[in-house]
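Taking it in order: structure first as structure tokens, then the write-up.
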Amino acid sequence: MAIVTHHHLLLRELRYAAPARVRVWKGGATLKSGGVAVELREGESFTVPPFVRFSCLAHPRLSPGMTRPAVWSLALEEQSPADMERAADASKPHARRLAAAIFDDPCGDWSAARIARLWALTPARLRALLFAEGESLRSLVREQRVAWALARLARMADAGADFAGAGFVSAAAMARACQDVIGLPPEIAGRALSLLSAAPSQPAALRQDDAARRPRYRPYF
């Protein structure tokens with residue numbers, strides 16, 4: 001699936017520990033980071049370097065009597081080439097390392113005590129390292145759980161996602177986090193997640209037969 005919107009949709013403060021490729025399939029999108037903006041037209045893509053904060057404004061194509069929706073997808077690169085690493089935010093190595101771990105296991109126990117044991121340091125030292133990088137453990141966990149959910153929503157392949165899979169205690173908690181972290185209105189987050197998580201499971205043979213007939217994306221924003 002991909003993000004489909006019939007109106008302008010702004011998602012802010014996005015950040016991934018891996019390179020994030022944004023591709024526009026229909027309409028257009030504007031990516032911004034700091035004072036720099038990149039305009040993407042239909043068929044174009046751009047890869048955001050690792051751990052760089054960016055916003056994405058999707059804008060449909062407007063014409064007299066008709067609105068063509070904006071459709072865009074997001075895919076994380078498995079490898080980060082040298083040029084991407086040179087462009088990455090290198091000022092926060094501990095936060096990036098932790099963000100990658102949280103993203104890989106959003107349902108995990110990300111308490112300071114557990115992370116400190118894994119990293120062979122004290123909880124106080126862990127918090128001090130994050131503080132020196134302008135980060136907090138609670139905010140980082142919440143951010144990366146939202147990032148995981150958005151990545152599932154915005155990739156082209158069908159992907160089930162729900163609040164439990166993202167590490168949240170309820171759908172309402174996830175909707176609030178989506179609003180607080182990336183500016184996604186709760187009603188839109190709830191509608192999108194309900195479409196994904198409510199898809200009934202089918203036998204493998206039926207899924208394969210239906211694959212050619214199913215659209216690669218469906219509008220839900």
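By order of appearance in the structure tokens: chains A, B, ..., then residues from 1 within every chain, and ligands from 1 in the order shown.
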
Test item: residues at most 10 Å from segment 108-117 of chain A, only C-alpha atoms, excluding those fewer than 6 positions along its chain, as a PyMOL selection string: chain A and resi 98+101-102+123-127+137-138+140-141+166-167

Taking the backbone alone, and naming residues the way the document does, which bits of segment 7-161 of chain A are alpha helix (DSSP H) by DSSP, as a ChimeraX atom specification? /A:82-87,93-104,112-119,123-132,137-154

Nearby residues (only C-alpha atoms) at most 7 Å from Trp25 of chain A, same-chain spacing under 3 positions excluded, as a compact mmCIF listing (two decimals) with C-alpha atoms, in the first residue's frame:
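Listed below is the output, out_38.txt:
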# COMPACT_ATOMS: atom_id res chain seq x y z
CA GLU A 42 4.97 12.20 -10.51
CA GLY A 43 7.41 9.33 -11.00
CA VAL A 71 0.03 8.92 -3.96
CA TRP A 72 3.42 8.38 -2.39

Each residue of segment 95-199 of chain A with at least one atom at most 9 Å from segment 4-23 of chain A should appear once, together with its nearest atom pair and the corresponding distance in Å (one decimal); atoms considered: only C-alpha atoms; ordering: chain, then increasing residue number; output as a Markdown table.
| residue | atom | partner | partner_atom | distance |
| --- | --- | --- | --- | --- |
| A:Arg96 | CA | A:Ala17 | CA | 5.6 |
| A:Arg97 | CA | A:Ala17 | CA | 7.5 |
| A:Leu98 | CA | A:Ala17 | CA | 8.9 |
| A:Ala99 | CA | A:Ala17 | CA | 6.2 |
| A:Ala100 | CA | A:Ala17 | CA | 5.3 |
| A:Phe103 | CA | A:Ala17 | CA | 8.4 |
| A:Glu143 | CA | A:Arg15 | CA | 8.2 |
| A:Gln144 | CA | A:Tyr16 | CA | 7.7 |
| A:Ala147 | CA | A:Leu14 | CA | 7.1 |
| A:Trp148 | CA | A:Tyr16 | CA | 9.0 |
| A:Ala154 | CA | A:Val4 | CA | 8.9 |
| A:Val181 | CA | A:Glu13 | CA | 6.9 |
| A:Ile182 | CA | A:Arg12 | CA | 4.7 |
| A:Gly183 | CA | A:Leu11 | CA | 5.8 |
| A:Leu184 | CA | A:Leu11 | CA | 6.4 |

Given the selection you just returned, output its residues as a file containing C-alpha atoms, formatted as a PDB file, in the first residue's frame.
ATOM      1  CA  ARG A  96      20.585   6.677  16.100  1.00  0.00           C
ATOM      2  CA  ARG A  97      21.778   3.306  17.386  1.00  0.00           C
ATOM      3  CA  LEU A  98      18.897   3.148  19.836  1.00  0.00           C
ATOM      4  CA  ALA A  99      16.368   4.357  17.252  1.00  0.00           C
ATOM      5  CA  ALA A 100      17.377   1.548  14.895  1.00  0.00           C
ATOM      6  CA  PHE A 103      12.340   0.394  15.016  1.00  0.00           C
ATOM      7  CA  GLU A 143       8.923   8.568  17.831  1.00  0.00           C
ATOM      8  CA  GLN A 144      10.244   5.287  16.471  1.00  0.00           C
ATOM      9  CA  ALA A 147       7.878   5.788  12.485  1.00  0.00           C
ATOM     10  CA  TRP A 148       7.412   2.009  12.317  1.00  0.00           C
ATOM     11  CA  ALA A 154       3.489   3.892   3.316  1.00  0.00           C
ATOM     12  CA  VAL A 181       4.951  13.241  16.776  1.00  0.00           C
ATOM     13  CA  ILE A 182       4.200  13.741  13.060  1.00  0.00           C
ATOM     14  CA  GLY A 183       1.065  15.901  13.036  1.00  0.00           C
ATOM     15  CA  LEU A 184      -1.285  13.242  11.670  1.00  0.00           C
TER      16      LEU A 184
END

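The nearest approach to Ile3 of chain A among the residues A:Ile188, A:Leu31, A:Val169, A:Ala90, with only C-alpha atoms taken into account, belongs to A:Ile188.
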